[in-house]
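J.: For reference, this is coords33.cif, and it has mmCIF, C-alpha atoms.
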data_work
loop_
_atom_site.group_PDB
_atom_site.id
_atom_site.type_symbol
_atom_site.label_atom_id
_atom_site.label_comp_id
_atom_site.auth_asym_id
_atom_site.auth_seq_id
_atom_site.Cartn_x
_atom_site.Cartn_y
_atom_site.Cartn_z
ATOM 1 C CA LEU S 9 -40.878 -44.823 -19.852
ATOM 2 C CA GLU S 10 -39.936 -41.972 -22.202
ATOM 3 C CA GLU S 11 -42.029 -39.536 -20.176
ATOM 4 C CA GLU S 12 -40.267 -40.598 -16.983
ATOM 5 C CA ILE S 13 -36.872 -40.100 -18.601
ATOM 6 C CA ILE S 14 -37.879 -36.675 -19.898
ATOM 7 C CA THR S 15 -39.218 -35.733 -16.465
ATOM 8 C CA LEU S 16 -36.009 -36.944 -14.828
ATOM 9 C CA ILE S 17 -33.837 -34.989 -17.275
ATOM 10 C CA THR S 18 -35.955 -31.862 -16.815
ATOM 11 C CA THR S 19 -35.716 -32.168 -13.029
ATOM 12 C CA MET S 20 -31.962 -32.697 -13.158
ATOM 13 C CA SER S 21 -31.592 -29.728 -15.490
ATOM 14 C CA SER S 22 -33.542 -27.433 -13.187
ATOM 15 C CA ASP S 23 -31.561 -28.699 -10.183
ATOM 16 C CA LEU S 24 -28.312 -28.028 -12.025
ATOM 17 C CA LYS S 25 -29.448 -24.494 -12.902
ATOM 18 C CA GLN S 26 -30.364 -23.882 -9.252
ATOM 19 C CA LEU S 27 -26.937 -25.122 -8.088
ATOM 20 C CA GLN S 28 -25.180 -22.888 -10.615
ATOM 21 C CA LYS S 29 -27.238 -19.919 -9.458
ATOM 22 C CA GLU S 30 -26.384 -20.611 -5.803
ATOM 23 C CA SER S 31 -22.681 -21.056 -6.559
ATOM 24 C CA ASN S 32 -22.604 -17.744 -8.440
ATOM 25 C CA VAL S 33 -24.290 -16.028 -5.501
ATOM 26 C CA ASN S 34 -21.736 -17.466 -3.044
ATOM 27 C CA LYS S 35 -18.645 -16.555 -5.056
ATOM 28 C CA ALA S 36 -16.337 -14.087 -3.374
ATOM 29 C CA THR S 37 -16.020 -10.757 -5.142
ATOM 30 C CA ASN S 38 -12.640 -9.211 -5.893
ATOM 31 C CA SER S 39 -13.057 -6.719 -3.060
ATOM 32 C CA ASP S 40 -13.806 -9.591 -0.671
ATOM 33 C CA GLN S 41 -10.676 -11.416 -1.786
ATOM 34 C CA VAL S 42 -8.597 -8.283 -1.214
ATOM 35 C CA VAL S 43 -10.018 -8.054 2.317
ATOM 36 C CA TYR S 44 -9.260 -11.760 2.920
ATOM 37 C CA VAL S 45 -5.646 -11.428 1.790
ATOM 38 C CA PHE S 46 -4.946 -8.115 3.532
ATOM 39 C CA SER S 47 -6.526 -9.270 6.799
ATOM 40 C CA GLY S 48 -4.781 -12.632 6.605
ATOM 41 C CA PHE S 49 -1.325 -11.140 6.190
ATOM 42 C CA PHE S 50 -1.922 -8.408 8.769
ATOM 43 C CA THR S 51 -3.178 -10.894 11.354
ATOM 44 C CA ALA S 52 -0.334 -13.308 10.566
ATOM 45 C CA ALA S 53 2.179 -10.518 11.253
ATOM 46 C CA ILE S 54 0.827 -9.698 14.732
ATOM 47 C CA PRO S 55 2.703 -12.563 16.480
ATOM 48 C CA ILE S 56 6.005 -11.171 15.157
ATOM 49 C CA TYR S 57 5.707 -8.334 17.679
ATOM 50 C CA LEU S 58 5.009 -10.845 20.461
ATOM 51 C CA TYR S 59 8.102 -12.878 19.627
ATOM 52 C CA TYR S 60 10.248 -9.782 19.098
ATOM 53 C CA THR S 61 9.385 -8.281 22.483
ATOM 54 C CA ILE S 62 8.788 -11.250 24.788
ATOM 55 C CA PHE S 63 10.975 -13.959 23.260
ATOM 56 C CA ALA S 64 13.705 -11.482 22.139
ATOM 57 C CA MET S 65 13.886 -12.788 18.576
ATOM 58 C CA ASP S 66 15.864 -10.280 16.518
ATOM 59 C CA LEU S 67 14.163 -9.084 13.324
ATOM 60 C CA GLU S 68 17.353 -9.149 11.266
ATOM 61 C CA GLU S 69 18.395 -12.608 12.364
ATOM 62 C CA PHE S 70 14.966 -14.249 12.143
ATOM 63 C CA GLY S 71 13.483 -12.088 9.362
ATOM 64 C CA PRO S 72 13.377 -14.904 6.770
ATOM 65 C CA VAL S 73 11.633 -17.199 9.267
ATOM 66 C CA PHE S 74 9.140 -14.462 10.163
ATOM 67 C CA GLY S 75 8.506 -13.738 6.473
ATOM 68 C CA LEU S 76 8.027 -17.342 5.379
ATOM 69 C CA VAL S 77 5.770 -18.284 8.291
ATOM 70 C CA SER S 78 3.747 -15.070 7.868
ATOM 71 C CA VAL S 79 3.155 -15.747 4.159
ATOM 72 C CA VAL S 80 2.065 -19.351 4.747
ATOM 73 C CA THR S 81 -0.116 -18.305 7.682
ATOM 74 C CA GLY S 82 -1.624 -15.409 5.709
ATOM 75 C CA VAL S 83 -2.640 -17.778 2.911
ATOM 76 C CA LEU S 84 -4.180 -20.251 5.369
ATOM 77 C CA LEU S 85 -6.090 -17.478 7.137
ATOM 78 C CA SER S 86 -7.337 -16.114 3.799
ATOM 79 C CA LEU S 87 -8.748 -19.529 2.957
ATOM 80 C CA ALA S 88 -10.366 -19.748 6.392
ATOM 81 C CA TYR S 89 -11.967 -16.307 5.951
ATOM 82 C CA GLN S 90 -13.423 -17.358 2.626
ATOM 83 C CA LYS S 91 -14.800 -20.649 3.967
ATOM 84 C CA VAL S 92 -16.472 -19.074 6.999
ATOM 85 C CA THR S 93 -17.858 -16.161 4.963
ATOM 86 C CA THR S 94 -19.392 -18.544 2.434
ATOM 87 C CA GLY S 95 -20.888 -20.770 5.107
ATOM 88 C CA VAL S 96 -22.359 -17.927 7.141
ATOM 89 C CA ARG S 97 -23.655 -16.176 4.021
ATOM 90 C CA THR S 98 -25.408 -19.357 2.913
ATOM 91 C CA VAL S 99 -27.084 -19.787 6.303
ATOM 92 C CA LEU S 100 -28.116 -16.136 6.555
ATOM 93 C CA ARG S 101 -29.389 -16.066 2.995
ATOM 94 C CA SER S 102 -31.507 -19.200 3.467
ATOM 95 C CA GLU S 103 -32.976 -17.809 6.698
ATOM 96 C CA ARG S 104 -33.742 -14.465 5.101
ATOM 97 C CA GLU S 105 -35.272 -15.942 1.955
ATOM 98 C CA ARG S 106 -38.093 -17.284 4.102
ATOM 99 C CA GLN S 107 -39.067 -13.760 5.063
ATOM 100 C CA ASP S 108 -41.414 -11.901 2.751
ATOM 101 C CA ILE S 109 -40.439 -8.542 1.371
ATOM 102 C CA VAL S 110 -43.176 -5.993 1.912
ATOM 103 C CA VAL S 111 -43.607 -3.308 -0.726
ATOM 104 C CA ASN S 112 -46.043 -0.438 -0.925
ATOM 105 C CA LYS S 113 -49.449 -1.641 -2.128
ATOM 106 C CA ASN S 114 -50.164 1.624 -3.952
ATOM 107 C CA LEU S 115 -47.518 0.904 -6.591
ATOM 108 C CA THR S 116 -48.116 -0.627 -10.000
ATOM 109 C CA LYS S 117 -46.961 -4.183 -10.702
ATOM 110 C CA ASP S 118 -43.841 -2.995 -12.498
ATOM 111 C CA GLU S 119 -42.956 -0.585 -9.690
ATOM 112 C CA LYS S 120 -43.566 -3.323 -7.110
ATOM 113 C CA ARG S 121 -41.256 -5.681 -9.010
ATOM 114 C CA LYS S 122 -38.512 -3.030 -9.173
ATOM 115 C CA ALA S 123 -38.932 -2.151 -5.496
ATOM 116 C CA LYS S 124 -38.777 -5.813 -4.519
ATOM 117 C CA ALA S 125 -35.643 -6.336 -6.625
ATOM 118 C CA ALA S 126 -34.008 -3.300 -5.007
ATOM 119 C CA LYS S 127 -34.844 -4.571 -1.520
ATOM 120 C CA LEU S 128 -33.496 -8.031 -2.404
ATOM 121 C CA ALA S 129 -30.233 -6.517 -3.636
ATOM 122 C CA GLU S 130 -29.943 -4.429 -0.472
ATOM 123 C CA ARG S 131 -30.642 -7.475 1.695
ATOM 124 C CA ASP S 132 -27.980 -9.502 -0.150
ATOM 125 C CA GLU S 133 -25.436 -6.705 0.280
ATOM 126 C CA ILE S 134 -26.142 -6.499 4.004
ATOM 127 C CA THR S 135 -25.896 -10.288 4.298
ATOM 128 C CA GLN S 136 -22.537 -10.200 2.518
ATOM 129 C CA LYS S 137 -21.155 -7.520 4.852
ATOM 130 C CA GLU S 138 -22.419 -9.329 7.949
ATOM 131 C CA SER S 139 -20.915 -12.648 6.894
ATOM 132 C CA LEU S 140 -17.563 -11.040 6.047
ATOM 133 C CA SER S 141 -17.468 -9.189 9.370
ATOM 134 C CA PHE S 142 -18.294 -12.329 11.334
ATOM 135 C CA SER S 143 -15.661 -14.300 9.438
ATOM 136 C CA LEU S 144 -12.948 -11.758 10.225
ATOM 137 C CA LEU S 145 -13.929 -11.562 13.888
ATOM 138 C CA TYR S 146 -14.241 -15.321 14.377
ATOM 139 C CA ASN S 147 -11.059 -16.338 12.547
ATOM 140 C CA ASN S 148 -8.868 -13.573 13.996
ATOM 141 C CA PHE S 149 -10.021 -14.367 17.524
ATOM 142 C CA MET S 150 -9.425 -18.093 17.057
ATOM 143 C CA PHE S 151 -6.006 -17.548 15.448
ATOM 144 C CA LEU S 152 -4.729 -15.217 18.155
ATOM 145 C CA LEU S 153 -6.181 -17.371 20.931
ATOM 146 C CA PHE S 154 -4.498 -20.531 19.640
ATOM 147 C CA THR S 155 -1.236 -18.697 18.948
ATOM 148 C CA VAL S 156 -1.047 -17.523 22.570
ATOM 149 C CA LEU S 157 -2.195 -20.911 23.877
ATOM 150 C CA PHE S 158 0.459 -22.760 21.874
ATOM 151 C CA ALA S 159 3.233 -20.204 22.555
ATOM 152 C CA PHE S 160 2.828 -19.845 26.319
ATOM 153 C CA TYR S 161 1.344 -23.154 27.423
ATOM 154 C CA ILE S 162 1.737 -26.059 25.043
ATOM 155 C CA LEU S 163 5.095 -25.279 23.388
ATOM 156 C CA ARG S 164 6.718 -23.051 26.031
ATOM 157 C CA SER S 165 9.683 -25.393 26.564
ATOM 158 C CA LEU S 166 10.818 -25.257 22.919
ATOM 159 C CA PRO S 167 13.444 -22.802 21.671
ATOM 160 C CA ALA S 168 11.936 -19.499 20.509
ATOM 161 C CA VAL S 169 12.276 -20.085 16.750
ATOM 162 C CA TYR S 170 10.616 -23.518 16.897
ATOM 163 C CA ASN S 171 8.001 -22.153 19.257
ATOM 164 C CA TYR S 172 7.207 -19.375 16.755
ATOM 165 C CA VAL S 173 6.989 -21.629 13.723
ATOM 166 C CA LEU S 174 4.868 -24.286 15.414
ATOM 167 C CA SER S 175 2.645 -21.882 17.364
ATOM 168 C CA VAL S 176 1.772 -19.579 14.481
ATOM 169 C CA ALA S 177 1.532 -22.219 11.752
ATOM 170 C CA GLY S 178 -0.272 -24.611 14.101
ATOM 171 C CA ALA S 179 -2.804 -21.947 15.050
ATOM 172 C CA ALA S 180 -3.434 -21.207 11.364
ATOM 173 C CA VAL S 181 -3.977 -24.895 10.615
ATOM 174 C CA VAL S 182 -6.397 -25.220 13.546
ATOM 175 C CA VAL S 183 -8.337 -22.162 12.346
ATOM 176 C CA LEU S 184 -8.522 -23.496 8.791
ATOM 177 C CA ALA S 185 -9.684 -26.892 10.059
ATOM 178 C CA SER S 186 -12.264 -25.178 12.250
ATOM 179 C CA ALA S 187 -13.445 -23.104 9.288
ATOM 180 C CA SER S 188 -13.739 -26.213 7.122
ATOM 181 C CA PHE S 189 -15.741 -27.958 9.833
ATOM 182 C CA LYS S 190 -17.901 -24.875 10.410
ATOM 183 C CA SER S 191 -18.662 -24.412 6.700
ATOM 184 C CA SER S 192 -19.521 -28.097 6.204
ATOM 185 C CA LYS S 193 -22.346 -28.039 8.777
#
The structure given in the file should be rewritten as structure tokens.
T.:
Amino acid sequence: LEEEIITLITTMSSDLKQLQKESNVNKATNSDQVVYVFSGFFTAAIPIYLYYTIFAMDLEEFGPVFGLVSVVTGVLLSLAYQKVTTGVRTVLRSERERQDIVVNKNLTKDEKRKAKAAKLAERDEITQKESLSFSLLYNNFMFLLFTVLFAFYILRSLPAVYNYVLSVAGAAVVVLASASFKSSK
């Protein structure tokens, strides 16, 4: 009985260490977070031009509405970027871990270990960039698509200010929900 308990505790400990290692690998770096925030606020501001030109909403009159909705939308998009990046990075990393890294056979064991570590680091960096790029592309496309869909088709009969608030915020909520669903798969 004691041996089984010790084995169980050892297994749980190693599983916990593995989970901590994976969570550290999937944490967003500061530069990633800057990209999330900048892209989120930039993308959230794009519909302002649409509503200024097509719906004739004056910037001075509706500036506070534009600002508040853009900030809320930027935060929601930043969260969506992070969720999709983490999910895609996890999938890519698990697929790529199955592949062997080939190093030159003429190297010593120490040189082979260093070369393998360098190739692993390079592969992780490439995986990070690919997942971030996909996240930006996917979320921006979905946000702008749903904004236009809501603005011109679903909510077209509403007054311009309500149309703006519901279209932009609604599109951001849909994108965040989609990102949460996508990352949970």
J.: May I ask for the distance between atom CA of S:Val176 and atom CA of S:Phe63, given in Å to one decimal place?
T.: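 Rounded to one decimal, the two atoms are 13.9 Å apart.
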J.: State, in Å with one decimal place, the distance from atom CA of S:Tyr89 to atom CA of S:Phe154.
T.: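 About the pair atom CA of S:Tyr89 and atom CA of S:Phe154: they are 16.2 Å apart.
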J.: Given only C-alpha atoms as the basis, pick out the residue of S:Ala123, S:Val42, S:Ala168, S:Ala180 nearest to S:Val77.
T.: S:Ala180
J.: When you look at S:Ala53 with a cut-off of 10 Å (counting only C-alpha atoms), what residues show up, excluding the ones that are within fewer than 6 positions of it in the same chain? I need them as a PyMOL selection string.
T.: chain S and resi 47+74-75+77-79+81-82+176
J.: Using only C-alpha atoms, which of the listed residues (S:Arg131, S:Leu174, S:Val181, S:Arg121) sits closest to S:Gln107?
T.: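 Closest candidate: S:Arg131.
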J.: Within 12 Å of S:Tyr172, counting all atoms listed in the file, which residues qualify if same-chain residues fewer than 4 places away don't, as a compact mmCIF listing (two decimals) with C-alpha atoms, in the frame of the given file?
T.:
# COMPACT_ATOMS: atom_id res chain seq x y z
CA ALA S 52 -0.33 -13.31 10.57
CA ALA S 53 2.18 -10.52 11.25
CA ILE S 54 0.83 -9.70 14.73
CA PRO S 55 2.70 -12.56 16.48
CA ILE S 56 6.00 -11.17 15.16
CA TYR S 57 5.71 -8.33 17.68
CA LEU S 58 5.01 -10.84 20.46
CA TYR S 59 8.10 -12.88 19.63
CA TYR S 60 10.25 -9.78 19.10
CA ILE S 62 8.79 -11.25 24.79
CA PHE S 63 10.98 -13.96 23.26
CA ALA S 64 13.70 -11.48 22.14
CA MET S 65 13.89 -12.79 18.58
CA PHE S 70 14.97 -14.25 12.14
CA VAL S 73 11.63 -17.20 9.27
CA PHE S 74 9.14 -14.46 10.16
CA GLY S 75 8.51 -13.74 6.47
CA LEU S 76 8.03 -17.34 5.38
CA VAL S 77 5.77 -18.28 8.29
CA SER S 78 3.75 -15.07 7.87
CA THR S 81 -0.12 -18.30 7.68
CA THR S 155 -1.24 -18.70 18.95
CA VAL S 156 -1.05 -17.52 22.57
CA LEU S 157 -2.19 -20.91 23.88
CA PHE S 158 0.46 -22.76 21.87
CA ALA S 159 3.23 -20.20 22.56
CA PHE S 160 2.83 -19.84 26.32
CA ILE S 162 1.74 -26.06 25.04
CA LEU S 163 5.10 -25.28 23.39
CA ARG S 164 6.72 -23.05 26.03
CA SER S 165 9.68 -25.39 26.56
CA LEU S 166 10.82 -25.26 22.92
CA PRO S 167 13.44 -22.80 21.67
CA ALA S 168 11.94 -19.50 20.51
CA VAL S 176 1.77 -19.58 14.48
CA ALA S 177 1.53 -22.22 11.75
CA GLY S 178 -0.27 -24.61 14.10
CA ALA S 179 -2.80 -21.95 15.05
J.: For atom CA of S:Leu140 and atom CA of S:Lys122, quote the distance in Å rounded to one decimal.
T.: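 Spanning atom CA of S:Leu140 to atom CA of S:Lys122 is a straight-line distance of 27.1 Å.
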J.: Compare S:Thr135, S:Asn114, S:Gln90, S:Asn38 by their minimum atom-to-atom distance to S:Ser102, counting only C-alpha atoms, and give me the closest one.
T.: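 Checking each of S:Thr135, S:Asn114, S:Gln90, S:Asn38 against S:Ser102, counting only C-alpha atoms, the winner is S:Thr135.
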J.: Evaluating the PyMOL selection byres ((chain S and resi 101) around 10) on the displayed file yields which residues, as a PyMOL selection string?
T.: chain S and resi 33-34+95-100+102-106+131-132+135-136+139
J.: Please report, as lines of an AutoDock Vina configuration file, the centre and edge lengths in Å to one decimal of an axis-aligned box covering all listed atoms of stretch 148-167 of chain S with 6 Å per side.
T.:
center_x = 1.7
center_y = -19.8
center_z = 20.7
size_x = 35.5
size_y = 24.5
size_z = 25.4
